[in-house]
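Contents: one structure, followed by commentary.
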Amino acid sequence: MAFAAFGHGGGGGSAPSAAPTKKSKVALFLLLPGLTYLGLFFMTPLVSLIITSLQVPDGSGMMGSYTYGFAIENYAKVVVDFWPQISHSFVYAFIATLAALLISYPLAYFIGVKARRFPLIQGLMLTLVIAPFFISFLLRTFAWKQIFSNESAAVHFLQDVGILGMNDYLVGTPFMVIFGLTYNFIPFMTLPLYSILERLDIRLLEAGADLYATPATTFRKVTLPLTAPGIISGTLLTFIPIAGDYVNASGDFLGGTKTAMIGNVVESRFLVLNDYPTASALSVLLMGVILLLVGFYAKRSGTADLL
Amino acid sequence: MRNLRLGKYVLPLFSVIAIVYLMIPIAYTFVFSFNDSQKTNLIWRGFTLDNWINVCQQQGVCEAFGNSVLIGVISTVLATTLGTMIAIALVRYRFKARSFVSLLIFLPMATPEVVLGAGLASQFFSIGAAKGIATIIIAHVMFCMSFVVVTVKARVASLDPALEEAGRDLYGSPAQVFWKITFPLLMPGILSAALLSFALSFDDFIITNFNSGPAMTFPKYVYTAAARGIPAEANVIGSGVFLLAIAIVVTVQIRGSLKARRLAKQK
């Protein structure tokens, strides 16, 4: 699966060493079409995004008319203007990633370690974990909106028992947005964790117990370090898409006016207001922070794992 | 002994609750596909099969679904072809720019969709390309390709080079060796990469939204409809695709386990 994407499991790093130079033509033939494609439609757009982010209004006063410039101050402006949305993106992403990890780790541990003796249960549970991928994530997110809508039984119940005030609702709150984000990205956390827990050698845990370690100590000193690559790939696979998401936080889904994230601003600036420089500057900023984060992770875990 | 109970009761219970949590919106979508909804599909009004039988009567939903399938198929074929070629080159050949190529493959997966979407859209805008189905396909091939490379790469790496050597020893031409040995052995990896690629393309909303212009896809239809309330017919399509996908997964799993059993018997 693609969840080997962020390290481990892929194992593609070991190229056979015998590769005569004659073959480099074949390699070039194999690589050229795909790499050209990525150059044209991945690299060039990023450059185009940076150029656009520095543009200035062309003075015609028309919506969406900009001309080339070097307005580095666009960046300062978006940080000041959209600080709430920027902080929402990273705070929500942090909390939702943590919540997904806390839910996924025990789940993946159960499927990968405890259910090993029962292949049927293991297969069934794994299928159920990936089942959400097979139904449109917009439909799933909208389902949560309906389940927790202002007139729903769930909200009435929470109001009756006093968890929610009589005029308090769930949809439109940061809680609901984080709830939806957590829900949507749990499989992205569970699968890389599962793929590494599945191969965890139980004898190592037994050895810990034999040496009089409590289960908690064994977990901390043996299980956790051994499964760290899974945690790293899982957190990257959840954090990155969550930070850029704008569906959950959108007013038509789980969010409201006060929950907008970077993605919501980029969408409305780009597609509705035609304010391309602002949208581009925010995108470049988001990409920059994510790259710093990935770089930090790569440094901590060794670049070889990531590539 | 407290910890024994933790493993025996708490962990399984927790896992079951987590799975139920994952299933709730799926069950909701499925149940409400049978709702006898009049204008909005918000409250339960009674069971009907009408939405399933006359799914295309809801304006635009089948057209959007058809577009999504078309885009998914074309993007998958292109992304799988390009990605498989790169995967083979990465595992089988040594070349100087290897780490650069790996980085170039990794980066699209590490880029938030909104950045990929806005980037491509700004490029299409600056060259004056009209957005539509073609630009959606261009975008989908781009982000699916990396996932194909990673999936197929694992399969190429697990391939025994001795099998191809045997083919060459028997005077097979390079083309024969590739099509008669390498390709069939890679097929399971290529197939799962293609399925993944189709699923990614079919369900993509964010990148599509930036590059679709007037063209409608199924996720975009759902997003647009969400403002007024999503019609039950969209639930029908979502549930139908879900059932089909689950059927495929279960069939593949059963066939796999039957094959394993057959091989075990032969030994």
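Lettering and numbering for the structure tokens are positional, with chains as A, B, ... in the shown order, residues counted from 1 in each chain, and ligands counted from 1 in the shown order.
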
Among segment 35-223 of chain B, which ones does DSSP place in alpha helix (DSSP H), written as a ChimeraX atom specification?
/B:50-53,61-92,98-110,113-127,133-157,161-169,174-177,183-203,206-211,218-223

Give me the residues near Leu42 of chain B as a list in words, where near means some atom within 8 Å (using only C-alpha atoms) and where sequence neighbours in that chain fewer than 2 positions away do not count.
Gln146 of chain A; Ser37, Thr40, Trp44 and Gly229 of chain B

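Counting only C-alpha atoms, the residue from A:Ile51, A:Leu102, A:Val177, A:Leu107 that sits nearest to chain B is A:Leu107.
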
Each residue of chain B with at least one atom at most 6 Å from chain A should appear once, together with its nearest atom pair and the corresponding distance in Å (one decimal); atoms considered: only C-alpha atoms; ordering: chain, then increasing residue number; output as CSV.
```
residue,atom,partner,partner_atom,distance
B:Ser15,CA,A:Leu107,CA,4.9
B:Pro25,CA,A:Arg140,CA,5.1
B:Leu82,CA,A:Gly34,CA,5.0
B:Met85,CA,A:Leu30,CA,4.9
B:Ile86,CA,A:Leu31,CA,5.1
B:Ala89,CA,A:Ala27,CA,5.3
B:Val91,CA,A:Ala15,CA,5.1
B:Arg92,CA,A:Ala15,CA,5.9
B:Ser102,CA,A:Leu307,CA,5.8
B:Pro112,CA,A:Gly244,CA,5.2
B:Val114,CA,A:Gly244,CA,5.8
B:Val115,CA,A:Ser283,CA,5.3
B:Gly119,CA,A:Pro45,CA,4.5
B:Leu120,CA,A:Pro45,CA,5.0
B:Gln123,CA,A:Pro45,CA,5.4
B:Phe147,CA,A:Ala2,CA,5.6
B:Val150,CA,A:Ala5,CA,5.9
B:Thr151,CA,A:Ala2,CA,5.6
B:Lys153,CA,A:Gly12,CA,5.8
B:Ala154,CA,A:Gly10,CA,4.8
B:Ala157,CA,A:Gly12,CA,5.3
B:Asp203,CA,A:Ser136,CA,5.7
B:Ala226,CA,A:Asp252,CA,5.8
B:Ala227,CA,A:Asp252,CA,5.2
B:Gly238,CA,A:Ile135,CA,5.6
B:Phe242,CA,A:Phe134,CA,5.0
```

Could those residues be written to a file, using N, CA and C atoms, as an mmCIF file, in the first residue's frame?
```
data_model
loop_
_atom_site.group_PDB
_atom_site.id
_atom_site.type_symbol
_atom_site.label_atom_id
_atom_site.label_comp_id
_atom_site.auth_asym_id
_atom_site.auth_seq_id
_atom_site.Cartn_x
_atom_site.Cartn_y
_atom_site.Cartn_z
ATOM 1 N N SER B 15 -10.892 -1.456 20.798
ATOM 2 C CA SER B 15 -10.763 -1.620 19.350
ATOM 3 C C SER B 15 -12.125 -1.718 18.680
ATOM 4 N N PRO B 25 -20.528 6.964 10.201
ATOM 5 C CA PRO B 25 -20.954 7.779 9.051
ATOM 6 C C PRO B 25 -21.247 6.950 7.808
ATOM 7 N N LEU B 82 3.362 5.608 -16.163
ATOM 8 C CA LEU B 82 4.531 6.441 -15.864
ATOM 9 C C LEU B 82 5.176 6.018 -14.543
ATOM 10 N N MET B 85 7.159 2.667 -14.690
ATOM 11 C CA MET B 85 8.458 2.831 -15.357
ATOM 12 C C MET B 85 9.486 3.416 -14.378
ATOM 13 N N ILE B 86 9.077 4.425 -13.640
ATOM 14 C CA ILE B 86 10.007 5.030 -12.677
ATOM 15 C C ILE B 86 10.390 4.026 -11.592
ATOM 16 N N ALA B 89 12.998 1.640 -12.827
ATOM 17 C CA ALA B 89 14.297 2.311 -12.956
ATOM 18 C C ALA B 89 14.934 2.529 -11.587
ATOM 19 N N VAL B 91 14.651 0.844 -8.786
ATOM 20 C CA VAL B 91 15.153 -0.350 -8.090
ATOM 21 C C VAL B 91 16.253 -1.032 -8.894
ATOM 22 N N ARG B 92 16.084 -1.066 -10.223
ATOM 23 C CA ARG B 92 16.975 -1.887 -11.029
ATOM 24 C C ARG B 92 18.229 -1.183 -11.545
ATOM 25 N N SER B 102 14.292 10.295 -6.096
ATOM 26 C CA SER B 102 13.489 9.865 -4.954
ATOM 27 C C SER B 102 12.818 11.049 -4.281
ATOM 28 N N PRO B 112 0.664 19.530 0.865
ATOM 29 C CA PRO B 112 -0.782 19.579 1.101
ATOM 30 C C PRO B 112 -1.519 19.776 -0.210
ATOM 31 N N VAL B 114 -4.041 21.436 -1.011
ATOM 32 C CA VAL B 114 -4.456 22.786 -1.377
ATOM 33 C C VAL B 114 -3.311 23.509 -2.095
ATOM 34 N N VAL B 115 -2.070 23.181 -1.744
ATOM 35 C CA VAL B 115 -0.910 23.794 -2.402
ATOM 36 C C VAL B 115 -0.768 23.239 -3.826
ATOM 37 N N GLY B 119 -1.295 25.654 -6.952
ATOM 38 C CA GLY B 119 -0.120 25.781 -7.813
ATOM 39 C C GLY B 119 -0.462 25.502 -9.262
ATOM 40 N N LEU B 120 -1.116 24.344 -9.492
ATOM 41 C CA LEU B 120 -1.498 24.006 -10.861
ATOM 42 C C LEU B 120 -2.472 25.031 -11.427
ATOM 43 N N GLN B 123 -0.730 28.020 -12.538
ATOM 44 C CA GLN B 123 -0.012 27.778 -13.789
ATOM 45 C C GLN B 123 -0.970 27.780 -14.977
ATOM 46 N N PHE B 147 2.274 7.774 -5.681
ATOM 47 C CA PHE B 147 1.746 6.634 -4.931
ATOM 48 C C PHE B 147 1.958 5.339 -5.706
ATOM 49 N N VAL B 150 5.693 4.265 -5.311
ATOM 50 C CA VAL B 150 5.983 3.650 -4.024
ATOM 51 C C VAL B 150 5.428 2.230 -3.941
ATOM 52 N N THR B 151 4.186 2.051 -4.436
ATOM 53 C CA THR B 151 3.553 0.731 -4.353
ATOM 54 C C THR B 151 4.273 -0.286 -5.238
ATOM 55 N N LYS B 153 7.323 -0.075 -6.459
ATOM 56 C CA LYS B 153 8.728 -0.202 -6.053
ATOM 57 C C LYS B 153 8.919 -1.359 -5.077
ATOM 58 N N ALA B 154 7.984 -1.465 -4.120
ATOM 59 C CA ALA B 154 8.073 -2.539 -3.130
ATOM 60 C C ALA B 154 8.040 -3.895 -3.821
ATOM 61 N N ALA B 157 11.306 -4.570 -5.756
ATOM 62 C CA ALA B 157 12.404 -4.890 -4.843
ATOM 63 C C ALA B 157 12.329 -6.328 -4.356
ATOM 64 N N ASP B 203 -11.996 9.952 -5.403
ATOM 65 C CA ASP B 203 -12.443 10.632 -4.186
ATOM 66 C C ASP B 203 -11.824 12.015 -4.023
ATOM 67 N N ALA B 226 -23.850 20.471 -0.648
ATOM 68 C CA ALA B 226 -23.867 20.497 0.819
ATOM 69 C C ALA B 226 -24.498 21.772 1.355
ATOM 70 N N ALA B 227 -24.387 22.869 0.610
ATOM 71 C CA ALA B 227 -24.951 24.128 1.081
ATOM 72 C C ALA B 227 -26.466 24.021 1.236
ATOM 73 N N GLY B 238 -22.682 6.933 -3.476
ATOM 74 C CA GLY B 238 -21.632 6.666 -2.497
ATOM 75 C C GLY B 238 -21.723 5.253 -1.952
ATOM 76 N N PHE B 242 -19.239 2.010 -2.551
ATOM 77 C CA PHE B 242 -18.701 1.370 -1.349
ATOM 78 C C PHE B 242 -18.914 -0.142 -1.398
#
```

Quick one: pick out all strand (DSSP E or B) residues within segment 55-209 of chain A from a backbone DSSP run and write them as a compact mmCIF listing (two decimals) with C-alpha atoms, in the first residue's frame.
```txt
# COMPACT_ATOMS: atom_id res chain seq x y z
CA VAL A 56 1.13 43.37 -7.15
CA PRO A 57 -2.18 44.83 -8.38
CA TYR A 66 -2.13 41.53 -11.17
CA THR A 67 1.26 42.20 -12.62
```
